[in-house]
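S.K.: This is the structure I have questions about; it appears just below.
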Amino acid sequence: MTVIALDFETANERRDSACAVGLAWIAGGRVVRRESRLIRPPELRFSPGNIRVHGILPADVRGQPDFPTVMAEFLPDLTSGLILAHNAGFDLGVLRASLAAHGHRPPAFAYLCTLQIARRVFPAEEGCGLGKVATRLGIRFAHHDAGEDAYACAEIALAAVRETGAPDVPGLSQALRLPITTVPAGPDLALPPRGRPGSLTERARLAAGARPASAPGLHFAVRGSSGNRYAVTLEDRTGGPHLRCTCMAGRYGTRCRHVKALLAGDITDLLSSNHDDVAVLRVRMTAASVG
């Protein structure tokens with residue numbers, strides 16, 4: 001059985017905002033392969049708290065492939081093998097939510113949680129967070145780098161095998177009376193049920209010929225390259241919706257970089273807090289261009 005440790009980093013509070021993945025394969029009692037990839041999440045909305053944890057910025061992932069493209073290489077091993085993750089509910093949740101967000105049916109997975117393993121084999125008053133367990137076991141790694149975290153997760157499982165005398169990592173299930181959890185395949189999804197304006201369900205509605213949700217009075221505050229504050233406004237004109245920016249290029253009728261960024265879903269320089277309106281804007285403009 002293929003055994004793979006898995007770790008995701010996310011851009012914000014949403015489970016479908018994966019911005020990095022790390023994997024570590026175990027065979028013959030050791031880590032035999034390590035991989036890590038950056039991922040472009042569906043929207044480039046990065047929460048400051050998440051950035052403080054992993055250090056990944058919108059600019060780092062802007063040109064990276066999306067979740068299904070990145071994970072296509074690894075899904076065969078993940079679906080046919082045993083996944084390890086530290087606090088596995090989070091990482092498996094990211095995996096399933098991100099597939100669903102792109103209209104892919106989440107397949108079935110089997111996993112063991114190394115956080116639960118550590119609590120049984122390496123308990124301590126300070127807790128069994130990944131960094132704390134790794135420090136106690138002398139595992140050297142760079143915490144909150146997805147590839148490094150996956151490696152530490154794999155090494156914790158291997159240390160537990162040695163400590164318990166289990167025959168291998170899957171054997172920890174019996175040795176610790178910790179059942180391997182099987183997550184069934186998700187429902188068939190043409191598109192995910194995200195419901196809010198600008199989500200994939202809204203795009204499906206538009207593709208079926210419906211009129212786009214109204215988006216009157218969309219206004220965005222953006223930061224210029226020199227730190228100046230500009231306003232981008234969606235206007236209804238005779239020829240269709242138009243984005244007007246108060247920067248110098250926008251005043252001369254040029255589609256400036258601020259407008260281009262919003263249309264691409266890039267909110268790196270967005271100063272106003274209406275992040276969800278960026279998705280509404282993109283749907284409105286896409287519908288107008290094909291209408």
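Each chain of the structure tokens is named A, B, ... in the order shown, its residues numbered from 1; ligands are numbered from 1 in display order.
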Can you tell me, as a VMD selection string, what residues are no more than 6 Å from A:Phe8 when counting only C-alpha atoms, ignoring any on the same chain fewer than 2 positions away?
M.R.: chain A and resid 20 to 21 91 146
S.K.: Could you list, as a PyMOL selection string, every residue within 12 Å of A:Phe46, counting only C-alpha atoms and ignoring same-chain residues fewer than 3 positions away?
M.R.: chain A and resi 9-14+17-19+40-43+49-62+265-270+275
S.K.: For the selection you just gave me, I'd like the residues written to a file as a short mmCIF file (atom, residue, chain, number, x, y, z; two decimals), in the first residue's frame, keeping N, CA, C and O atoms.
M.R.:
data_model
loop_
_atom_site.label_atom_id
_atom_site.label_comp_id
_atom_site.auth_asym_id
_atom_site.auth_seq_id
_atom_site.Cartn_x
_atom_site.Cartn_y
_atom_site.Cartn_z
N GLU A 9 -1.37 24.39 2.71
CA GLU A 9 -1.45 25.74 3.25
C GLU A 9 -2.57 26.45 2.51
O GLU A 9 -2.77 26.22 1.32
N THR A 10 -3.31 27.32 3.21
CA THR A 10 -4.43 28.00 2.59
C THR A 10 -4.24 29.51 2.60
O THR A 10 -3.52 30.06 3.45
N ALA A 11 -4.90 30.17 1.65
CA ALA A 11 -4.77 31.62 1.50
C ALA A 11 -5.59 32.38 2.52
O ALA A 11 -5.22 33.48 2.95
N ASN A 12 -6.72 31.82 2.90
CA ASN A 12 -7.62 32.51 3.82
C ASN A 12 -8.39 31.48 4.64
O ASN A 12 -7.98 30.32 4.71
N GLU A 13 -9.52 31.90 5.20
CA GLU A 13 -10.27 31.02 6.09
C GLU A 13 -11.04 29.94 5.36
O GLU A 13 -11.49 28.97 5.98
N ARG A 14 -11.19 30.04 4.06
CA ARG A 14 -11.95 29.06 3.30
C ARG A 14 -11.13 27.79 3.07
O ARG A 14 -9.94 27.86 2.76
N SER A 17 -9.28 27.31 -0.44
CA SER A 17 -8.31 28.35 -0.84
C SER A 17 -6.87 27.84 -0.77
O SER A 17 -5.95 28.61 -0.45
N ALA A 18 -6.65 26.57 -1.07
CA ALA A 18 -5.29 26.02 -1.01
C ALA A 18 -4.33 26.82 -1.87
O ALA A 18 -4.61 27.12 -3.03
N CYS A 19 -3.19 27.18 -1.29
CA CYS A 19 -2.17 27.92 -2.04
C CYS A 19 -0.85 27.15 -2.12
O CYS A 19 0.08 27.59 -2.80
N ARG A 40 -2.50 28.27 -7.39
CA ARG A 40 -3.27 29.50 -7.49
C ARG A 40 -4.70 29.23 -7.01
O ARG A 40 -5.44 28.47 -7.63
N PRO A 41 -5.09 29.83 -5.88
CA PRO A 41 -6.45 29.59 -5.37
C PRO A 41 -7.48 30.26 -6.27
O PRO A 41 -7.13 31.10 -7.11
N PRO A 42 -8.77 29.92 -6.11
CA PRO A 42 -9.80 30.50 -6.97
C PRO A 42 -9.83 32.02 -6.95
O PRO A 42 -10.17 32.65 -7.93
N GLU A 43 -9.51 32.63 -5.82
CA GLU A 43 -9.40 34.08 -5.74
C GLU A 43 -8.14 34.42 -4.96
O GLU A 43 -7.75 33.69 -4.05
N GLY A 49 -3.39 36.93 8.58
CA GLY A 49 -3.00 35.88 9.53
C GLY A 49 -2.41 34.67 8.82
O GLY A 49 -1.44 34.06 9.30
N ASN A 50 -2.98 34.29 7.68
CA ASN A 50 -2.44 33.16 6.93
C ASN A 50 -1.06 33.49 6.37
O ASN A 50 -0.16 32.64 6.37
N ILE A 51 -0.90 34.70 5.89
CA ILE A 51 0.41 35.11 5.37
C ILE A 51 1.46 35.05 6.47
O ILE A 51 2.59 34.62 6.25
N ARG A 52 1.08 35.49 7.68
CA ARG A 52 2.03 35.45 8.80
C ARG A 52 2.46 34.02 9.10
O ARG A 52 3.60 33.79 9.54
N VAL A 53 1.58 33.06 8.88
CA VAL A 53 1.90 31.67 9.17
C VAL A 53 2.85 31.09 8.13
O VAL A 53 3.91 30.54 8.45
N HIS A 54 2.47 31.18 6.84
CA HIS A 54 3.26 30.49 5.81
C HIS A 54 4.10 31.39 4.92
O HIS A 54 4.96 30.89 4.19
N GLY A 55 3.87 32.68 4.96
CA GLY A 55 4.70 33.61 4.19
C GLY A 55 4.43 33.65 2.71
O GLY A 55 5.17 34.31 1.96
N ILE A 56 3.38 33.01 2.25
CA ILE A 56 3.05 33.00 0.82
C ILE A 56 2.20 34.23 0.51
O ILE A 56 1.24 34.52 1.21
N LEU A 57 2.56 34.94 -0.57
CA LEU A 57 1.87 36.15 -0.97
C LEU A 57 1.11 35.92 -2.27
O LEU A 57 1.43 35.00 -3.04
N PRO A 58 0.11 36.76 -2.56
CA PRO A 58 -0.60 36.62 -3.84
C PRO A 58 0.33 36.62 -5.04
O PRO A 58 0.12 35.86 -6.00
N ALA A 59 1.36 37.47 -5.00
CA ALA A 59 2.29 37.53 -6.13
C ALA A 59 3.02 36.20 -6.35
O ALA A 59 3.42 35.88 -7.48
N ASP A 60 3.17 35.41 -5.30
CA ASP A 60 3.88 34.12 -5.42
C ASP A 60 3.08 33.09 -6.20
O ASP A 60 3.66 32.17 -6.79
N VAL A 61 1.76 33.22 -6.18
CA VAL A 61 0.91 32.18 -6.79
C VAL A 61 0.14 32.67 -8.01
O VAL A 61 -0.56 31.89 -8.65
N ARG A 62 0.26 33.95 -8.34
CA ARG A 62 -0.53 34.52 -9.43
C ARG A 62 -0.36 33.74 -10.73
O ARG A 62 -1.31 33.52 -11.47
N GLY A 265 -9.25 38.87 -10.73
CA GLY A 265 -9.48 38.33 -9.39
C GLY A 265 -8.34 38.58 -8.43
O GLY A 265 -8.32 38.02 -7.34
N ASP A 266 -7.38 39.42 -8.83
CA ASP A 266 -6.22 39.71 -8.00
C ASP A 266 -6.55 40.87 -7.06
O ASP A 266 -6.79 41.99 -7.50
N ILE A 267 -6.58 40.59 -5.76
CA ILE A 267 -6.94 41.63 -4.80
C ILE A 267 -5.75 42.07 -3.95
O ILE A 267 -5.91 42.60 -2.85
N THR A 268 -4.55 41.88 -4.49
CA THR A 268 -3.34 42.26 -3.75
C THR A 268 -3.39 43.72 -3.32
O THR A 268 -3.02 44.06 -2.19
N ASP A 269 -3.85 44.61 -4.20
CA ASP A 269 -3.85 46.05 -3.91
C ASP A 269 -5.23 46.58 -3.56
O ASP A 269 -5.45 47.79 -3.57
N LEU A 270 -6.16 45.70 -3.23
CA LEU A 270 -7.50 46.13 -2.84
C LEU A 270 -7.48 46.67 -1.41
O LEU A 270 -7.08 45.96 -0.49
N HIS A 275 -14.28 42.10 -0.67
CA HIS A 275 -13.61 41.09 -1.48
C HIS A 275 -14.59 40.30 -2.34
O HIS A 275 -14.31 39.97 -3.49
#
S.K.: Considering only C-alpha atoms, can you say which of A:Gly28, A:Gly131, A:Pro123, A:Gly227 comes closest to A:Ala160?
M.R.: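 Of all the options, A:Pro123 lies closest to A:Ala160.
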S.K.: Pick out the residues sitting within 7 Å of A:Thr181, and hand them over as a VMD selection string; count only C-alpha atoms, and ignore anything fewer than 5 positions along from it in its own chain.
M.R.: chain A and resid 110 to 112
S.K.: Leaving out A:Glu126 and any residue of its chain fewer than 6 positions from it, which residues lie within 12 Å of it when counting only C-alpha atoms, given as a PyMOL selection string?
M.R.: chain A and resi 119+132-133+135-136
S.K.: I need the chosen residues saved as a short mmCIF file (atom, residue, chain, number, x, y, z; two decimals), in the first residue's frame, with N, CA, C and O atoms.
M.R.:
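Done, and the output landed in result.cif:
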data_model
loop_
_atom_site.label_atom_id
_atom_site.label_comp_id
_atom_site.auth_asym_id
_atom_site.auth_seq_id
_atom_site.Cartn_x
_atom_site.Cartn_y
_atom_site.Cartn_z
N ARG A 119 -0.57 11.68 20.03
CA ARG A 119 -1.20 11.75 21.36
C ARG A 119 -1.16 10.42 22.08
O ARG A 119 -1.13 10.38 23.31
N LYS A 132 5.83 20.85 17.87
CA LYS A 132 6.22 20.39 19.21
C LYS A 132 6.65 18.93 19.20
O LYS A 132 7.64 18.55 19.82
N VAL A 133 5.90 18.10 18.47
CA VAL A 133 6.26 16.68 18.40
C VAL A 133 7.59 16.52 17.66
O VAL A 133 8.46 15.75 18.08
N THR A 135 10.02 18.58 17.40
CA THR A 135 11.13 19.03 18.26
C THR A 135 11.48 17.96 19.27
O THR A 135 12.67 17.66 19.50
N ARG A 136 10.48 17.34 19.90
CA ARG A 136 10.76 16.28 20.88
C ARG A 136 11.45 15.08 20.25
O ARG A 136 12.25 14.41 20.91
#
S.K.: May I have the residues within 12 Å of A:Ala166 as a list in words, using only C-alpha atoms and disregarding those fewer than 3 positions away in the same chain?
M.R.: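 The residues satisfying every condition are Gly29, Val121, Ala157, Leu158, Ala159, Ala160, Val161, Arg162, Glu163, Val169, Pro170, Gly171, Leu172, Ser173, Gln174, Ala175, Leu176 and Arg177 of chain A.
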S.K.: From a DSSP calculation on the backbone, collect every residue of stretch 30-103 of chain A in strand (DSSP E or B) and output the set as a count of residues only.
M.R.: 14
S.K.: For A:Thr2, work out the shell of residues within 9 Å, counting only C-alpha atoms and skipping chain neighbours fewer than 2 positions away, then give it as number ranges by chain.
M.R.: A: 4, 25-27, 77-78, 80-83
S.K.: Those same residues - N, CA, C and O atoms - I'd like them written as a short mmCIF file (atom, residue, chain, number, x, y, z; two decimals), in the first residue's frame.
M.R.:
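As a result, again.cif now contains:
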data_model
loop_
_atom_site.label_atom_id
_atom_site.label_comp_id
_atom_site.auth_asym_id
_atom_site.auth_seq_id
_atom_site.Cartn_x
_atom_site.Cartn_y
_atom_site.Cartn_z
N ILE A 4 1.34 8.09 1.93
CA ILE A 4 1.74 9.45 1.57
C ILE A 4 1.32 10.42 2.66
O ILE A 4 0.15 10.47 3.03
N TRP A 25 6.34 10.56 0.42
CA TRP A 25 6.02 9.14 0.24
C TRP A 25 6.88 8.29 1.17
O TRP A 25 8.08 8.55 1.33
N ILE A 26 6.27 7.27 1.78
CA ILE A 26 6.98 6.35 2.65
C ILE A 26 7.01 4.97 2.02
O ILE A 26 6.00 4.47 1.52
N ALA A 27 8.18 4.35 2.03
CA ALA A 27 8.33 2.96 1.57
C ALA A 27 9.56 2.38 2.24
O ALA A 27 10.58 3.07 2.43
N ASP A 77 -2.12 8.23 -6.55
CA ASP A 77 -1.50 7.67 -5.34
C ASP A 77 -2.35 7.94 -4.10
O ASP A 77 -2.48 7.08 -3.22
N LEU A 78 -2.93 9.14 -4.03
CA LEU A 78 -3.73 9.49 -2.86
C LEU A 78 -4.99 8.65 -2.75
O LEU A 78 -5.40 8.27 -1.65
N SER A 80 -5.48 5.63 -4.05
CA SER A 80 -5.23 4.19 -3.94
C SER A 80 -4.44 3.82 -2.69
O SER A 80 -4.29 2.64 -2.37
N GLY A 81 -3.92 4.82 -1.99
CA GLY A 81 -3.05 4.52 -0.85
C GLY A 81 -3.63 4.98 0.48
O GLY A 81 -4.83 5.19 0.62
N LEU A 82 -2.75 5.13 1.45
CA LEU A 82 -3.10 5.59 2.79
C LEU A 82 -2.50 6.98 2.98
O LEU A 82 -1.29 7.16 2.84
N ILE A 83 -3.34 7.95 3.30
CA ILE A 83 -2.89 9.31 3.51
C ILE A 83 -2.59 9.54 4.99
O ILE A 83 -3.36 9.12 5.87
#
S.K.: Between atom CA of A:Ala101 and atom CA of A:Leu6, what is the spacing in Å?
M.R.: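 Pair atom CA of A:Leu6 / atom CA of A:Ala101 returns 19.4 Å.
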S.K.: Once DSSP has gone over the backbone, tell me which residues of stretch 62-243 of chain A are in alpha helix (DSSP H), as an NGL selection string.
M.R.: :A and (67-71 or 75-80 or 88-101 or 114-121 or 130-137 or 146-164 or 172-175 or 200-207)
S.K.: At what distance in Å, to one decimal, does atom CA of A:Leu99 lie from atom CA of A:Asp16?
M.R.: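 We find that atom CA of A:Asp16 and atom CA of A:Leu99 lie 7.9 Å from each other.
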S.K.: Determine the nearest neighbour of A:His104 from the options A:Ile180, A:Leu84, A:Ala185, A:Cys153, counting only C-alpha atoms.
M.R.: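 Residue with the minimum atom-to-atom distance to A:His104: A:Ala185.
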S.K.: Tell me, as a PyMOL selection string, which residues lie within 8 Å of A:Val278, counting only C-alpha atoms; anything in the same chain fewer than 4 positions away does not count.
M.R.: chain A and resi 262-263+265+274+282
S.K.: With distances taken over only C-alpha atoms, which of A:Pro179, A:Gly186, A:Gly239, A:Pro76 is nearest to A:Gln116?
M.R.: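 Residue with the minimum atom-to-atom distance to A:Gln116: A:Pro179.
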S.K.: Using only C-alpha atoms, which residue out of A:Met1, A:Cys256, A:Val31, A:Leu271 lies closest to A:Asn228?
M.R.: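 Among the listed residues, A:Leu271 lies closest to A:Asn228.
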S.K.: Calculate how many Å separate atom CA of A:Pro107 from atom CA of A:Leu95, rounding to one decimal.
M.R.: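 Between atom CA of A:Pro107 and atom CA of A:Leu95 the gap works out to 9.9 Å.
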